[in-house]
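File shown here: final_32.cif, holding mmCIF, N, CA and C atoms.
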data_final
#
loop_
_atom_site.group_PDB
_atom_site.id
_atom_site.type_symbol
_atom_site.label_atom_id
_atom_site.label_comp_id
_atom_site.auth_asym_id
_atom_site.auth_seq_id
_atom_site.Cartn_x
_atom_site.Cartn_y
_atom_site.Cartn_z
ATOM 1 N N GLU A 1 0.830 -1.188 0.000
ATOM 2 C CA GLU A 1 0.000 0.000 0.000
ATOM 3 C C GLU A 1 0.865 1.239 0.000
ATOM 4 N N ARG A 2 0.393 2.224 -0.730
ATOM 5 C CA ARG A 2 1.035 3.532 -0.758
ATOM 6 C C ARG A 2 0.010 4.573 -0.333
ATOM 7 N N PHE A 3 0.516 5.631 0.262
ATOM 8 C CA PHE A 3 -0.342 6.728 0.701
ATOM 9 C C PHE A 3 0.212 8.027 0.151
ATOM 10 N N TYR A 4 -0.677 8.979 -0.089
ATOM 11 C CA TYR A 4 -0.277 10.265 -0.635
ATOM 12 C C TYR A 4 -0.828 11.369 0.254
ATOM 13 N N GLY A 5 0.050 12.274 0.645
ATOM 14 C CA GLY A 5 -0.352 13.453 1.401
ATOM 15 C C GLY A 5 -0.304 14.657 0.475
ATOM 16 N N ILE A 6 -1.462 15.236 0.205
ATOM 17 C CA ILE A 6 -1.556 16.390 -0.689
ATOM 18 C C ILE A 6 -1.849 17.625 0.146
ATOM 19 N N GLY A 7 -1.109 18.704 -0.107
ATOM 20 C CA GLY A 7 -1.391 19.923 0.624
ATOM 21 C C GLY A 7 -0.657 21.120 0.067
ATOM 22 N N ASP A 8 -1.053 22.301 0.569
ATOM 23 C CA ASP A 8 -0.425 23.545 0.127
ATOM 24 C C ASP A 8 0.400 24.197 1.230
ATOM 25 N N ASN A 9 0.526 23.514 2.367
ATOM 26 C CA ASN A 9 1.290 24.069 3.483
ATOM 27 C C ASN A 9 2.487 23.170 3.786
ATOM 28 N N PRO A 10 3.690 23.622 3.431
ATOM 29 C CA PRO A 10 4.876 22.793 3.668
ATOM 30 C C PRO A 10 5.113 22.494 5.143
ATOM 31 N N TYR A 11 4.720 23.425 6.021
ATOM 32 C CA TYR A 11 5.001 23.273 7.450
ATOM 33 C C TYR A 11 4.086 22.266 8.142
ATOM 34 N N SER A 12 2.918 22.035 7.607
ATOM 35 C CA SER A 12 2.028 21.056 8.243
ATOM 36 C C SER A 12 1.743 19.879 7.308
ATOM 37 N N ASP A 13 1.204 20.149 6.141
ATOM 38 C CA ASP A 13 0.814 19.079 5.217
ATOM 39 C C ASP A 13 2.011 18.255 4.751
ATOM 40 N N ILE A 14 3.019 18.924 4.226
ATOM 41 C CA ILE A 14 4.160 18.217 3.639
ATOM 42 C C ILE A 14 5.053 17.632 4.721
ATOM 43 N N GLN A 15 5.313 18.394 5.766
ATOM 44 C CA GLN A 15 6.120 17.860 6.867
ATOM 45 C C GLN A 15 5.446 16.631 7.466
ATOM 46 N N GLY A 16 4.135 16.666 7.615
ATOM 47 C CA GLY A 16 3.406 15.523 8.152
ATOM 48 C C GLY A 16 3.524 14.294 7.277
ATOM 49 N N ALA A 17 3.350 14.467 5.978
ATOM 50 C CA ALA A 17 3.476 13.332 5.051
ATOM 51 C C ALA A 17 4.905 12.803 5.033
ATOM 52 N N ASN A 18 5.883 13.705 5.051
ATOM 53 C CA ASN A 18 7.284 13.274 5.043
ATOM 54 C C ASN A 18 7.656 12.517 6.315
ATOM 55 N N ASN A 19 7.058 12.893 7.425
ATOM 56 C CA ASN A 19 7.357 12.233 8.703
ATOM 57 C C ASN A 19 6.559 10.954 8.920
ATOM 58 N N ALA A 20 5.575 10.698 8.081
ATOM 59 C CA ALA A 20 4.676 9.559 8.286
ATOM 60 C C ALA A 20 5.298 8.218 7.921
ATOM 61 N N GLY A 21 6.372 8.232 7.162
ATOM 62 C CA GLY A 21 7.022 6.971 6.828
ATOM 63 C C GLY A 21 7.230 6.790 5.342
ATOM 64 N N ASP A 22 7.918 5.704 5.017
ATOM 65 C CA ASP A 22 8.309 5.430 3.630
ATOM 66 C C ASP A 22 7.136 5.151 2.697
ATOM 67 N N ARG A 23 6.021 4.740 3.241
ATOM 68 C CA ARG A 23 4.867 4.422 2.392
ATOM 69 C C ARG A 23 4.118 5.677 1.950
ATOM 70 N N TRP A 24 4.509 6.830 2.486
ATOM 71 C CA TRP A 24 3.855 8.091 2.162
ATOM 72 C C TRP A 24 4.653 8.870 1.133
ATOM 73 N N THR A 25 3.954 9.478 0.193
ATOM 74 C CA THR A 25 4.532 10.384 -0.792
ATOM 75 C C THR A 25 3.876 11.745 -0.602
ATOM 76 N N SER A 26 4.695 12.775 -0.446
ATOM 77 C CA SER A 26 4.157 14.124 -0.243
ATOM 78 C C SER A 26 4.019 14.844 -1.579
ATOM 79 N N VAL A 27 2.865 15.495 -1.748
ATOM 80 C CA VAL A 27 2.561 16.221 -2.982
ATOM 81 C C VAL A 27 2.187 17.653 -2.594
ATOM 82 N N LEU A 28 3.035 18.589 -2.965
ATOM 83 C CA LEU A 28 2.819 20.000 -2.649
ATOM 84 C C LEU A 28 2.145 20.686 -3.828
ATOM 85 N N VAL A 29 1.014 21.341 -3.554
ATOM 86 C CA VAL A 29 0.293 22.052 -4.609
ATOM 87 C C VAL A 29 0.541 23.551 -4.484
ATOM 88 N N ARG A 30 0.660 24.202 -5.630
ATOM 89 C CA ARG A 30 0.923 25.648 -5.668
ATOM 90 C C ARG A 30 -0.392 26.430 -5.630
ATOM 91 N N THR A 31 -1.170 26.192 -4.624
ATOM 92 C CA THR A 31 -2.416 26.930 -4.431
ATOM 93 C C THR A 31 -2.486 27.334 -2.970
ATOM 94 N N GLY A 32 -3.265 28.308 -2.655
ATOM 95 C CA GLY A 32 -3.426 28.700 -1.256
ATOM 96 C C GLY A 32 -2.151 29.258 -0.661
ATOM 97 N N ILE A 33 -1.605 28.579 0.324
ATOM 98 C CA ILE A 33 -0.441 29.064 1.066
ATOM 99 C C ILE A 33 0.824 29.046 0.223
ATOM 100 N N PHE A 34 1.098 27.958 -0.463
ATOM 101 C CA PHE A 34 2.341 27.823 -1.220
ATOM 102 C C PHE A 34 2.112 28.186 -2.677
ATOM 103 N N THR A 35 2.906 29.141 -3.176
ATOM 104 C CA THR A 35 2.772 29.547 -4.578
ATOM 105 C C THR A 35 4.121 29.654 -5.285
ATOM 106 N N ASP A 36 5.212 29.281 -4.625
ATOM 107 C CA ASP A 36 6.545 29.388 -5.227
ATOM 108 C C ASP A 36 6.704 28.435 -6.411
ATOM 109 N N VAL A 37 7.649 28.756 -7.266
ATOM 110 C CA VAL A 37 7.949 27.907 -8.416
ATOM 111 C C VAL A 37 8.759 26.688 -7.981
ATOM 112 N N ASP A 38 9.738 26.908 -7.113
ATOM 113 C CA ASP A 38 10.611 25.826 -6.659
ATOM 114 C C ASP A 38 10.029 25.127 -5.441
ATOM 115 N N ASN A 39 10.521 23.936 -5.175
ATOM 116 C CA ASN A 39 10.123 23.166 -4.003
ATOM 117 C C ASN A 39 10.516 23.926 -2.740
ATOM 118 N N HIS A 40 9.828 23.668 -1.649
ATOM 119 C CA HIS A 40 10.117 24.314 -0.371
ATOM 120 C C HIS A 40 11.465 23.824 0.146
ATOM 121 N N GLN A 41 12.281 24.730 0.654
ATOM 122 C CA GLN A 41 13.634 24.375 1.088
ATOM 123 C C GLN A 41 13.653 23.578 2.388
ATOM 124 N N GLN A 42 12.889 23.998 3.388
ATOM 125 C CA GLN A 42 12.904 23.322 4.695
ATOM 126 C C GLN A 42 12.149 22.004 4.690
ATOM 127 N N HIS A 43 11.025 21.984 4.031
ATOM 128 C CA HIS A 43 10.169 20.794 4.000
ATOM 129 C C HIS A 43 9.840 20.457 2.545
ATOM 130 N N PRO A 44 10.818 19.934 1.804
ATOM 131 C CA PRO A 44 10.575 19.647 0.389
ATOM 132 C C PRO A 44 9.621 18.468 0.197
ATOM 133 N N ALA A 45 8.751 18.623 -0.760
ATOM 134 C CA ALA A 45 7.820 17.550 -1.109
ATOM 135 C C ALA A 45 8.480 16.599 -2.098
ATOM 136 N N ASP A 46 7.914 15.409 -2.207
ATOM 137 C CA ASP A 46 8.392 14.457 -3.209
ATOM 138 C C ASP A 46 8.089 14.950 -4.615
ATOM 139 N N VAL A 47 6.989 15.679 -4.747
ATOM 140 C CA VAL A 47 6.609 16.242 -6.049
ATOM 141 C C VAL A 47 5.854 17.547 -5.801
ATOM 142 N N VAL A 48 6.015 18.504 -6.721
ATOM 143 C CA VAL A 48 5.309 19.785 -6.655
ATOM 144 C C VAL A 48 4.502 19.938 -7.939
ATOM 145 N N VAL A 49 3.216 20.264 -7.784
ATOM 146 C CA VAL A 49 2.326 20.427 -8.938
ATOM 147 C C VAL A 49 1.560 21.739 -8.805
ATOM 148 N N ASP A 50 0.897 22.139 -9.886
ATOM 149 C CA ASP A 50 0.198 23.423 -9.891
ATOM 150 C C ASP A 50 -1.100 23.430 -9.089
ATOM 151 N N GLY A 51 -1.829 22.332 -9.066
ATOM 152 C CA GLY A 51 -3.108 22.319 -8.370
ATOM 153 C C GLY A 51 -3.531 20.916 -7.985
ATOM 154 N N VAL A 52 -4.671 20.826 -7.334
ATOM 155 C CA VAL A 52 -5.174 19.537 -6.850
ATOM 156 C C VAL A 52 -5.469 18.597 -8.017
ATOM 157 N N ASP A 53 -6.030 19.124 -9.101
ATOM 158 C CA ASP A 53 -6.290 18.278 -10.276
ATOM 159 C C ASP A 53 -5.001 17.642 -10.787
ATOM 160 N N ASP A 54 -3.932 18.439 -10.823
ATOM 161 C CA ASP A 54 -2.633 17.915 -11.263
ATOM 162 C C ASP A 54 -2.110 16.865 -10.291
ATOM 163 N N ALA A 55 -2.351 17.072 -9.008
ATOM 164 C CA ALA A 55 -1.920 16.095 -8.006
ATOM 165 C C ALA A 55 -2.632 14.765 -8.218
ATOM 166 N N VAL A 56 -3.929 14.826 -8.445
ATOM 167 C CA VAL A 56 -4.707 13.604 -8.664
ATOM 168 C C VAL A 56 -4.243 12.897 -9.937
ATOM 169 N N GLU A 57 -4.016 13.652 -11.008
ATOM 170 C CA GLU A 57 -3.530 13.049 -12.255
ATOM 171 C C GLU A 57 -2.172 12.383 -12.051
ATOM 172 N N TRP A 58 -1.276 13.045 -11.313
ATOM 173 C CA TRP A 58 0.052 12.486 -11.058
ATOM 174 C C TRP A 58 -0.060 11.192 -10.249
ATOM 175 N N ILE A 59 -0.916 11.206 -9.228
ATOM 176 C CA ILE A 59 -1.097 10.018 -8.386
ATOM 177 C C ILE A 59 -1.677 8.867 -9.206
ATOM 178 N N LEU A 60 -2.674 9.141 -10.025
ATOM 179 C CA LEU A 60 -3.258 8.086 -10.860
ATOM 180 C C LEU A 60 -2.224 7.503 -11.812
ATOM 181 N N ALA A 61 -1.360 8.348 -12.363
ATOM 182 C CA ALA A 61 -0.296 7.855 -13.243
ATOM 183 C C ALA A 61 0.686 6.986 -12.468
ATOM 184 N N GLN A 62 1.007 7.373 -11.240
ATOM 185 C CA GLN A 62 1.904 6.579 -10.407
ATOM 186 C C GLN A 62 1.290 5.217 -10.107
ATOM 187 N N GLU A 63 0.034 5.221 -9.735
ATOM 188 C CA GLU A 63 -0.647 3.971 -9.397
ATOM 189 C C GLU A 63 -0.748 3.061 -10.620
ATOM 190 N N ALA A 64 -0.978 3.641 -11.789
ATOM 191 C CA ALA A 64 -1.043 2.837 -13.015
ATOM 192 C C ALA A 64 0.304 2.197 -13.309
ATOM 193 N N SER A 65 1.385 2.935 -13.085
ATOM 194 C CA SER A 65 2.714 2.363 -13.353
ATOM 195 C C SER A 65 3.063 1.282 -12.340
ATOM 196 N N PHE A 66 2.619 1.436 -11.089
ATOM 197 C CA PHE A 66 2.866 0.398 -10.084
ATOM 198 C C PHE A 66 2.077 -0.868 -10.396
ATOM 199 N N SER A 67 0.858 -0.713 -10.920
ATOM 200 C CA SER A 67 0.031 -1.887 -11.203
ATOM 201 C C SER A 67 0.558 -2.684 -12.393
ATOM 202 N N MET A 68 1.395 -2.056 -13.229
ATOM 203 C CA MET A 68 1.969 -2.750 -14.381
ATOM 204 C C MET A 68 3.211 -3.550 -14.014
ATOM 205 N N GLU A 69 3.746 -3.322 -12.835
ATOM 206 C CA GLU A 69 4.972 -4.030 -12.419
ATOM 207 C C GLU A 69 4.678 -5.455 -12.025
#
Kindly present the structure from the file in C-alpha cells form.
Amino acid sequence: ERFYGIGDNPYSDIQGANNAGDRWTSVLVRTGIFTDVDNHQQHPADVVVDGVDDAVEWILAQEASFSME
C-alpha cells in the first residue's frame, strides 16, 4: 500500500506526510499558502504540482505504473 499526502502548506501538510514513513509520498500544490515555483527548502515535497487536479492526475499515473509491475 502507498499513501499520498496532498497539501499547500509545507510546514504542516508536507512535513506531516514526510514524517509519516516510507509508504507516504508528499505532494505539494501551488495553491493557497504555497505559490513558489521551486520546491520548499525546509520541507521539500516528493513532487510539486500546480493544483489539486494535477496532483490527482500524477497520483493516478503513479498507481497505473505500479500496477503494471
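Around stretch 14-17 of chain A, within 8 Å and counting only N, CA and C atoms, the residues found are Phe3, Tyr4, Gly5, Ile6, Gly7, Asp8, Asn9, Pro10, Tyr11, Ala20, Gly21, Asp22, Arg23, Trp24, Thr25, Ser26, Val27, Leu28, Gln42, His43, Pro44, Ala45 and Asp46 of chain A, once anything fewer than 3 positions away on its own chain is removed.
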Next item on the list: Could you check how far atom C of A:Asp54 sits from atom CA of A:Arg30, in Å to one decimal?
Entry: 10.4 Å
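Counting all atoms listed in the file and comparing A:Asp36, A:Asn18, A:Asp13, A:Thr31, the residue that lies closest to A:Gly51 is A:Thr31.
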Notebook entry, point to check: Just how far from atom N of A:Val29 is atom N of A:Ala55, in Å to one decimal?
Noted result: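 Straight-line distance from atom N of A:Ala55 to atom N of A:Val29 works out to 7.7 Å.
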Margin query: Please report the interatomic distance between atom N of A:Ser12 and atom CA of A:Gln62 in Å with one decimal.
Written below: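 Interatomic distance, atom N of A:Ser12 to atom CA of A:Gln62: 23.8 Å.
Backbone DSSP over chain A gives strand (DSSP E) for Phe3, Tyr4, Gly5, Ile6, Gly7, Trp24, Thr25, Ser26, Val27, Leu28, Val29, Val47, Val48 and Val49 of chain A.
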May I have the residues from that selection written out with N, CA and C atoms, as an mmCIF file, in the coordinates of the input?
data_model
loop_
_atom_site.group_PDB
_atom_site.id
_atom_site.type_symbol
_atom_site.label_atom_id
_atom_site.label_comp_id
_atom_site.auth_asym_id
_atom_site.auth_seq_id
_atom_site.Cartn_x
_atom_site.Cartn_y
_atom_site.Cartn_z
ATOM 1 N N PHE A 3 0.516 5.631 0.262
ATOM 2 C CA PHE A 3 -0.342 6.728 0.701
ATOM 3 C C PHE A 3 0.212 8.027 0.151
ATOM 4 N N TYR A 4 -0.677 8.979 -0.089
ATOM 5 C CA TYR A 4 -0.277 10.265 -0.635
ATOM 6 C C TYR A 4 -0.828 11.369 0.254
ATOM 7 N N GLY A 5 0.050 12.274 0.645
ATOM 8 C CA GLY A 5 -0.352 13.453 1.401
ATOM 9 C C GLY A 5 -0.304 14.657 0.475
ATOM 10 N N ILE A 6 -1.462 15.236 0.205
ATOM 11 C CA ILE A 6 -1.556 16.390 -0.689
ATOM 12 C C ILE A 6 -1.849 17.625 0.146
ATOM 13 N N GLY A 7 -1.109 18.704 -0.107
ATOM 14 C CA GLY A 7 -1.391 19.923 0.624
ATOM 15 C C GLY A 7 -0.657 21.120 0.067
ATOM 16 N N TRP A 24 4.509 6.830 2.486
ATOM 17 C CA TRP A 24 3.855 8.091 2.162
ATOM 18 C C TRP A 24 4.653 8.870 1.133
ATOM 19 N N THR A 25 3.954 9.478 0.193
ATOM 20 C CA THR A 25 4.532 10.384 -0.792
ATOM 21 C C THR A 25 3.876 11.745 -0.602
ATOM 22 N N SER A 26 4.695 12.775 -0.446
ATOM 23 C CA SER A 26 4.157 14.124 -0.243
ATOM 24 C C SER A 26 4.019 14.844 -1.579
ATOM 25 N N VAL A 27 2.865 15.495 -1.748
ATOM 26 C CA VAL A 27 2.561 16.221 -2.982
ATOM 27 C C VAL A 27 2.187 17.653 -2.594
ATOM 28 N N LEU A 28 3.035 18.589 -2.965
ATOM 29 C CA LEU A 28 2.819 20.000 -2.649
ATOM 30 C C LEU A 28 2.145 20.686 -3.828
ATOM 31 N N VAL A 29 1.014 21.341 -3.554
ATOM 32 C CA VAL A 29 0.293 22.052 -4.609
ATOM 33 C C VAL A 29 0.541 23.551 -4.484
ATOM 34 N N VAL A 47 6.989 15.679 -4.747
ATOM 35 C CA VAL A 47 6.609 16.242 -6.049
ATOM 36 C C VAL A 47 5.854 17.547 -5.801
ATOM 37 N N VAL A 48 6.015 18.504 -6.721
ATOM 38 C CA VAL A 48 5.309 19.785 -6.655
ATOM 39 C C VAL A 48 4.502 19.938 -7.939
ATOM 40 N N VAL A 49 3.216 20.264 -7.784
ATOM 41 C CA VAL A 49 2.326 20.427 -8.938
ATOM 42 C C VAL A 49 1.560 21.739 -8.805
#
Quick one: 4 Å padding each side, axis-aligned, all listed atoms of stretch 36-43 of chain A - centre and edge lengths in Å to one decimal, as lines of an AutoDock Vina configuration file?
center_x = 9.4
center_y = 24.9
center_z = -1.9
size_x = 16.4
size_y = 16.9
size_z = 21.1
